[in-house]
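A.B. asks: Got a structure for you, written out below as structure tokens; questions coming shortly.
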Amino acid sequence: MNVRAKKHLGQHFLKDEEIAKNIADSLISDTYNEVLEIGPGMGVLTKYLLKKDKKVHVIEIDRESIEYLETAKKVQNLKINIIQGDFLKIDLKTLFPNQQFAIIGNFPYNISTQIVFKTLENRHQIPEFSGMFQKEVAQRIAEKEGSKVYGILSVLTQAFYDVEYLFTVPPTVFNPPPKVESGVIRLTRKKDFSLPVDEKLFYRVVKTAFNQRRKMLRGSLKSLKLSDKLREDPIFALRPEQLSVNSFIELTVKIEQDGNRN
Ligand code: SAH
């Protein structure tokens with residue numbers, strides 16, 4: 001018996017074995033022994049993950065999928081840790097107290113950006129992350145400055161990870177087919193993934209700047225109460241999409257050091 005696809009859970013089951021294998025094989029690092037798959041559904045990706053030399057954990061919110069996986073686990077004697085729950089609510093530090101682990105999935109598209117933000121929060125334990133998003137989101141994460149879709153998600157992710165857009169997947173290989181194309185990306189944590197500035201301030205600067213994408217930083221960052229002297233710096237005549245990730249970090253350093261800020 002197959003699981004009936006539920007729209008509100010973002011369920012689009014992958015039918016193409018070759019693509020499932022390619023996604024599983026997109027994890028290539030040997031810096032961890034544990035893998036967490038988000039939203040395994042009926043386990044099309046999971047079965048290729050189990051061929052790797054890693055301990056596999058899956059977290060799935062859907063009861064019916066959980067029953068399907070539990071049966072497969074029993075019948076095929078699979079070595080797998082099945083967790084029923086919401087990835088966005090689970091405490092990753094309890095599940096992986098000290099270990100490094102990877103995240104992978106054909107993600108539920110309705111929570112895909114939240115999955116990325118949770119990964120960034122837990123980056124100290126996540127050296128590699130790969131998976132499928134709706135194509136537009138995958139591009140947004142991967143694009144560099146100057147691109148129309150370069151934004152908050154791109155800057156925050158690329159501050160800590162190198163991003164590769166791997167391949168595009170058409171709607172026809174899913175059941176039911178989604179309305180949009182999908183894209184698979186890989187994040188590889190940078191060697192130095194600490195920031196030389198206060199992280200909260202960095203997030204605030206990036207988000208505030210992109211909230212008014214068309215404006216020069218001089219205008220959009222007004223709420224940060226910068227000194228007149230700092231606002232004369234030529235960087236404030238730029239719009240956010242013109243700033244590289246490193247420029248955003250440098251900008252935050254300047255703001256942090258701005259004496260008159262309150
Ligand atoms: N990996 C499977 C299913 C992809 S569809 C395949 O490729 O065929 C996305 C899956 O994520 C669904 O099984 C859905 O039930 C699950 N899901 C949705 N929201 C979730 C959440 N918050 N936490 C964990 N799993 C979730």
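Ordering of the structure tokens sets the chain letters (A, B, ...), residue numbers begin anew at 1 in every chain, and ligands are numbered from 1 in the order given.
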May I have the residues within 8 Å of region 169-171 of chain A as a VMD selection string, using only C-alpha atoms and disregarding those fewer than 4 positions away in the same chain?

C.D. replies: chain A and resid 177 to 184

A.B. asks: What parts of region 13-199 of chain A does DSSP call helix (DSSP H, G or I)? I'd like the answer as a ChimeraX atom specification.

C.D. replies: /A:17-24,46-49,63-76,92-95,109-121,123-125,135-142,152-160,171-173,199

A.B. asks: Please list as a PDB file with all heavy atoms, in the first residue's frame every residue within 6 Å of Ala237 (chain A), counting only C-alpha atoms and excluding residues in the same chain fewer than 2 positions away.

C.D. replies:
ATOM      1  N   MET A 216      19.211  52.842  -1.758  1.00  0.00           N
ATOM      2  CA  MET A 216      20.603  52.849  -1.325  1.00  0.00           C
ATOM      3  C   MET A 216      20.654  52.558   0.168  1.00  0.00           C
ATOM      4  O   MET A 216      19.719  52.898   0.903  1.00  0.00           O
ATOM      5  CB  MET A 216      21.223  54.232  -1.569  1.00  0.00           C
ATOM      6  CG  MET A 216      21.494  54.529  -3.025  1.00  0.00           C
ATOM      7  SD  MET A 216      22.503  56.009  -3.160  1.00  0.00           S
ATOM      8  CE  MET A 216      21.255  57.235  -3.415  1.00  0.00           C
ATOM      9  N   PRO A 234      31.386  55.520   0.958  1.00  0.00           N
ATOM     10  CA  PRO A 234      30.792  55.229  -0.363  1.00  0.00           C
ATOM     11  C   PRO A 234      29.935  53.958  -0.396  1.00  0.00           C
ATOM     12  O   PRO A 234      29.039  53.847  -1.242  1.00  0.00           O
ATOM     13  CB  PRO A 234      32.013  55.064  -1.284  1.00  0.00           C
ATOM     14  CG  PRO A 234      33.219  55.428  -0.494  1.00  0.00           C
ATOM     15  CD  PRO A 234      32.842  55.729   0.910  1.00  0.00           C
ATOM     16  N   ILE A 235      30.170  53.046   0.515  1.00  0.00           N
ATOM     17  CA  ILE A 235      29.374  51.802   0.494  1.00  0.00           C
ATOM     18  C   ILE A 235      27.887  52.095   0.675  1.00  0.00           C
ATOM     19  O   ILE A 235      27.027  51.364   0.171  1.00  0.00           O
ATOM     20  CB  ILE A 235      29.890  50.801   1.577  1.00  0.00           C
ATOM     21  CG1 ILE A 235      29.412  49.379   1.248  1.00  0.00           C
ATOM     22  CG2 ILE A 235      29.457  51.206   2.979  1.00  0.00           C
ATOM     23  CD1 ILE A 235      30.081  48.303   2.068  1.00  0.00           C
TER      24      ILE A 235
END

A.B. asks: Name the residues in contact with region 46-61 of chain A at a cut-off of 9 Å, using only C-alpha atoms, excluding same-chain residues fewer than 2 positions from it; report them as a PyMOL selection string.

C.D. replies: chain A and resi 9+20-25+32-44+63+65-66+78-87+105

A.B. asks: Excluding region 158-167 of chain A and any residue of its chain fewer than 6 positions from it, enumerate the residues within 10 Å of it, using only C-alpha atoms, and give them as number ranges by chain.

C.D. replies: A: 19, 22-23, 26, 120, 123-124, 127-132, 135, 138-139, 141-144, 152, 182-195, 202, 244-246, 248-249

A.B. asks: Can you work out which one of A:Glu145, A:Asp258, A:Asp30, A:Asp62 has the shortest atom-to-atom distance to Asp233 (chain A), counting only C-alpha atoms?

C.D. replies: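 The answer is A:Asp258, which sits nearest to Asp233 (chain A).
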
A.B. asks: Just checking: using only C-alpha atoms and all ligand atoms, which residue out of A:Phe101, A:Phe210, A:Tyr150, A:Phe133 ends up closest to ligand 1?

C.D. replies: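 With only C-alpha atoms and all ligand atoms as the atom set, the closest residue is A:Phe133.
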
A.B. asks: Report, in Å to a single decimal, how far apart CA of Pro176 (chain A) and CA of Ile103 (chain A) are.

C.D. replies: 24.3 Å
